>>> print(open('target12.cif').read())   # mmCIF, C-alpha atoms
data_data
loop_
_atom_site.label_atom_id
_atom_site.label_comp_id
_atom_site.auth_asym_id
_atom_site.auth_seq_id
_atom_site.Cartn_x
_atom_site.Cartn_y
_atom_site.Cartn_z
CA ALA A 259 -22.82 0.04 5.62
CA GLN A 260 -24.82 2.12 8.07
CA ASP A 261 -24.48 5.38 6.13
CA PHE A 262 -25.02 4.09 2.59
CA GLY A 263 -26.75 0.72 2.92
CA VAL A 264 -23.93 -1.18 1.21
CA HIS A 265 -22.76 -4.63 2.23
CA ALA A 266 -19.54 -4.58 4.23
CA HIS A 267 -17.22 -7.55 4.60
CA ALA A 268 -14.16 -8.29 6.68
CA THR A 269 -12.22 -9.81 3.79
CA ALA A 270 -11.95 -9.40 0.03
CA ALA A 271 -12.90 -13.06 -0.44
CA GLN A 272 -16.16 -12.56 1.49
CA ALA A 273 -16.97 -9.48 -0.60
CA ALA A 274 -16.28 -11.28 -3.88
CA ALA A 275 -17.81 -14.66 -3.06
CA HIS A 276 -21.05 -14.17 -5.00
CA ALA A 277 -20.12 -11.39 -7.41
CA GLN A 278 -19.73 -11.86 -11.17
CA VAL A 279 -17.81 -8.59 -11.56
CA TRP A 280 -15.00 -7.63 -9.21
CA VAL A 281 -13.85 -4.03 -9.07
CA LEU A 282 -10.47 -3.92 -7.38
CA ALA A 283 -10.20 -0.33 -6.19
CA VAL A 284 -7.23 -0.47 -3.86
CA LYS A 285 -3.87 1.26 -3.63
CA PRO A 286 -1.36 -0.22 -6.08
CA GLN A 287 0.98 -1.25 -3.26
CA VAL A 288 -1.65 -3.60 -1.73
CA MET A 289 -3.02 -5.05 -4.98
CA ARG A 290 -0.77 -8.12 -4.94
CA ALA A 291 -1.92 -9.09 -1.43
CA VAL A 292 -5.58 -8.57 -2.37
CA CYS A 293 -5.13 -10.73 -5.47
CA ALA A 294 -3.39 -13.44 -3.45
CA GLU A 295 -6.41 -13.61 -1.15
CA LEU A 296 -8.77 -13.84 -4.14
CA ALA A 297 -6.73 -16.18 -6.37
CA ALA A 298 -8.44 -19.47 -5.50
CA LEU A 299 -11.89 -17.93 -5.86
CA ALA A 300 -10.89 -16.27 -9.15
CA ARG A 301 -9.72 -19.60 -10.61
CA GLU A 302 -12.97 -21.24 -9.50
CA ARG A 303 -15.44 -18.56 -10.63
CA LEU A 304 -13.64 -16.73 -13.51
CA PRO A 305 -15.28 -13.36 -12.74
CA LEU A 306 -14.78 -10.22 -14.78
CA VAL A 307 -12.05 -8.36 -12.88
CA VAL A 308 -11.71 -4.59 -13.32
CA SER A 309 -8.75 -2.91 -11.65
CA ILE A 310 -8.68 0.74 -10.67
CA ALA A 311 -5.03 0.79 -9.62
CA ALA A 312 -2.62 2.99 -11.52
CA GLY A 313 0.39 1.23 -12.96
CA ILE A 314 -0.75 -2.35 -12.30
CA THR A 315 -0.87 -4.17 -15.63
CA VAL A 316 -3.38 -6.79 -16.72
CA ALA A 317 -0.48 -9.28 -16.95
CA GLN A 318 0.37 -8.66 -13.28
CA LEU A 319 -3.26 -9.03 -12.26
CA GLN A 320 -3.65 -12.23 -14.25
CA ARG A 321 -0.45 -13.65 -12.77
CA TRP A 322 -1.40 -12.71 -9.20
CA LEU A 323 -4.95 -14.06 -9.56
CA SER A 324 -3.93 -17.25 -11.38
CA ALA A 325 -1.41 -19.48 -9.70
CA SER A 326 -1.68 -21.89 -12.64
CA ASP A 327 -2.51 -22.02 -16.35
CA ALA A 328 -6.16 -22.51 -15.36
CA GLY A 329 -6.36 -18.73 -14.98
CA ALA A 330 -5.34 -18.07 -18.55
CA ALA A 331 -9.00 -17.44 -19.44
CA LEU A 332 -9.56 -14.98 -16.60
CA PRO A 333 -11.15 -11.82 -18.05
CA VAL A 334 -9.22 -8.88 -16.60
CA GLY A 335 -9.39 -5.20 -17.46
CA ARG A 336 -8.07 -1.90 -16.23
CA ALA A 337 -9.99 1.28 -15.57
CA MET A 338 -8.70 4.78 -14.91
CA PRO A 339 -11.45 7.18 -13.82
CA ASN A 340 -10.81 10.79 -12.85
CA THR A 341 -11.99 12.83 -9.87
CA PRO A 342 -15.00 14.47 -11.58
CA ALA A 343 -16.49 10.96 -11.33
CA LEU A 344 -17.50 12.09 -7.83
CA LEU A 345 -20.07 14.33 -9.57
CA ARG A 346 -20.93 11.82 -12.33
CA ALA A 347 -19.05 14.12 -14.69
CA GLY A 348 -15.86 12.10 -15.03
CA VAL A 349 -14.31 10.09 -17.79
CA THR A 350 -12.84 6.61 -17.48
CA GLY A 351 -10.30 5.01 -19.77
CA LEU A 352 -10.89 1.26 -20.03
CA HIS A 353 -8.47 -1.39 -21.26
CA PRO A 354 -9.59 -5.01 -21.71
CA ARG A 355 -7.42 -8.09 -21.74
CA ALA A 356 -8.11 -10.24 -24.81
CA GLN A 357 -10.24 -12.61 -22.68
CA VAL A 358 -12.80 -9.88 -21.97
CA ASP A 359 -15.63 -10.68 -24.38
CA ALA A 360 -18.37 -8.37 -25.65
CA HIS A 361 -20.54 -9.18 -22.62
CA GLY A 362 -17.67 -8.33 -20.27
CA ARG A 363 -16.95 -5.08 -22.12
CA LYS A 364 -20.60 -4.10 -21.88
CA ALA A 365 -20.71 -4.90 -18.15
CA ALA A 366 -17.54 -2.90 -17.44
CA GLU A 367 -18.71 0.02 -19.54
CA GLN A 368 -22.15 0.13 -17.90
CA LEU A 369 -20.60 0.00 -14.45
CA LEU A 370 -18.09 2.78 -15.08
CA ALA A 371 -20.54 4.89 -17.10
CA SER A 372 -22.33 5.58 -13.80
CA ALA A 373 -19.44 7.99 -13.11
CA GLY A 374 -19.38 9.65 -16.54
CA ALA A 375 -18.15 8.94 -20.04
CA THR A 376 -16.03 5.91 -20.94
CA VAL A 377 -13.33 5.48 -23.58
CA TRP A 378 -11.88 2.12 -24.64
CA ILE A 379 -8.11 2.01 -24.97
CA GLU A 380 -6.97 -1.08 -26.88
CA ASP A 381 -3.21 -0.64 -26.32
CA GLU A 382 -2.49 -1.06 -22.62
CA ALA A 383 0.72 0.99 -22.90
CA GLN A 384 -1.52 4.01 -23.53
CA MET A 385 -3.14 3.70 -20.09
CA ASP A 386 -0.24 5.76 -18.72
CA ALA A 387 -1.26 8.53 -21.13
CA VAL A 388 -4.87 8.21 -19.92
CA THR A 389 -3.65 8.69 -16.35
CA ALA A 390 -1.59 11.72 -17.35
CA LEU A 391 -4.29 13.32 -19.50
CA SER A 392 -7.61 12.78 -17.77
CA GLY A 393 -6.43 11.55 -14.38
CA SER A 394 -4.21 14.59 -13.84
CA GLY A 395 -6.21 16.91 -16.10
CA PRO A 396 -8.56 18.29 -13.43
CA ALA A 397 -5.55 19.57 -11.50
CA TYR A 398 -4.39 21.53 -14.55
CA VAL A 399 -7.86 23.03 -15.00
CA PHE A 400 -7.85 23.98 -11.29
CA LEU A 401 -4.43 25.61 -11.75
CA LEU A 402 -5.75 27.59 -14.73
CA ALA A 403 -8.83 28.67 -12.74
CA GLU A 404 -6.66 29.68 -9.80
CA ALA A 405 -4.50 31.83 -12.08
CA MET A 406 -7.55 33.40 -13.75
CA GLN A 407 -9.15 34.27 -10.42
CA ALA A 408 -5.89 35.70 -9.08
CA ALA A 409 -5.48 37.81 -12.24
CA GLY A 410 -9.02 39.15 -11.84
CA GLU A 411 -8.34 40.07 -8.25
CA ALA A 412 -5.01 41.66 -9.23
CA GLU A 413 -7.00 43.87 -11.63
CA GLY A 414 -9.14 45.04 -8.72
CA LEU A 415 -12.16 42.72 -8.95
CA PRO A 416 -13.64 41.65 -5.62
CA ALA A 417 -12.72 38.02 -4.76
CA HIS A 418 -16.31 36.79 -5.02
CA ALA A 419 -16.73 38.40 -8.46
CA ALA A 420 -13.40 37.08 -9.75
CA ARG A 421 -14.32 33.59 -8.55
CA GLU A 422 -17.76 33.61 -10.15
CA LEU A 423 -16.45 35.04 -13.42
CA THR A 424 -13.71 32.39 -13.49
CA LEU A 425 -15.93 29.44 -12.67
CA GLN A 426 -18.61 30.37 -15.18
CA THR A 427 -15.99 31.00 -17.84
CA VAL A 428 -14.43 27.54 -17.33
CA LEU A 429 -17.87 25.90 -17.21
CA GLY A 430 -19.08 27.77 -20.29
CA ALA A 431 -15.95 26.94 -22.26
CA ALA A 432 -16.28 23.26 -21.34
CA ARG A 433 -19.90 23.26 -22.47
CA MET A 434 -18.93 24.93 -25.75
CA LEU A 435 -16.41 22.13 -26.31
CA THR A 436 -18.79 19.30 -25.37
CA GLU A 437 -22.08 20.63 -26.71
CA GLY A 438 -21.09 22.86 -29.61
CA ASP A 439 -18.80 23.00 -32.59
CA ALA A 440 -15.90 24.67 -30.80
CA THR A 441 -12.55 22.88 -30.82
CA PRO A 442 -9.67 23.41 -28.42
#
>>> encode(input="target12.cif", output="structure tokens")
Amino acid sequence: AQDFGVHAHATAAQAAAHAQVWVLAVKPQVMRAVCAELAALARERLPLVVSIAAGITVAQLQRWLSASDAGAALPVGRAMPNTPALLRAGVTGLHPRAQVDAHGRKAAEQLLASAGATVWIEDEAQMDAVTALSGSGPAYVFLLAEAMQAAGEAEGLPAHAARELTLQTVLGAARMLTEGDATP
């Protein structure tokens, strides 16, 4: 709160009390406990709930947030951003439960678009593929860059030159793919 001017709260219920959109960005192993704390408030307010927890399904979230059939209308969605979101250059896969209407989709998309591009995934089973492709993807690009730089150095290039040549090559290739007609 002091460093970034955000509101800080002691409990999830305090943080969510007046919000219309809840972003649950916690470790998967604590999601059930967080949902249990928020369940009564969720049934009362019916907020748009967006989870950023790998492997937690919308059915689990709906069940944990709704102790009764009253929660059947709870709009819940999943989001899987990747680490380039830290630079506003990420991509987020979004999956909506059927109860997420056009207004909810727009709200979720606008929120997550602040970190980069968004892609809607209608079949929740494909969210695992999103995690594998774009969630893990930066690590594969880093591995490629590491190998390229090491190869340059093995050919006698100074480390700083091999690094700069590698980074600009990866950046340039990505721009060719996103801004030009090049295909992978």
>>> resolve_selection(input="target12.cif", expression="the PyMOL selection byres ((chain A and resi 336-352) around 6)", output="list in words")
Val308, Ser309, Ile310, Gly335, His353, Ala373, Gly374, Ala375, Thr376, Val377, Trp378, Ile379 and Gly393 of chain A
>>> atom_distance(input="target12.cif", atom1="atom CA of Leu401 of chain A", atom2="atom CA of Arg433 of chain A")
19.0 Å
>>> closest_residue(input="target12.cif", among="A:Ala356, A:Leu296, A:Ala440, A:Val279", to="Gln368 of chain A", atoms="only C-alpha atoms")
A:Val279
>>> residues_around(input="target12.cif", residues="Trp280 of chain A", least_positions_apart="2", cutoff="12 Å", atoms="all atoms listed in the file", output="PyMOL selection string")
chain A and resi 270-278+282-284+292-293+296+299-300+303-310+323+332-336+362+365-366+369
>>> atom_distance(input="target12.cif", atom1="atom CA of Pro396 of chain A", atom2="atom CA of Leu425 of chain A")
13.4 Å
>>> atom_distance(input="target12.cif", atom1="atom CA of Ala298 of chain A", atom2="atom CA of Gln318 of chain A")
16.0 Å
>>> axis_aligned_box(input="target12.cif", around="segment 260-265 of chain A", padding_each_side="6 Å", output="lines of an AutoDock Vina configuration file")
center_x = -24.8
center_y = 0.4
center_z = 4.6
size_x = 16.0
size_y = 22.0
size_z = 18.9
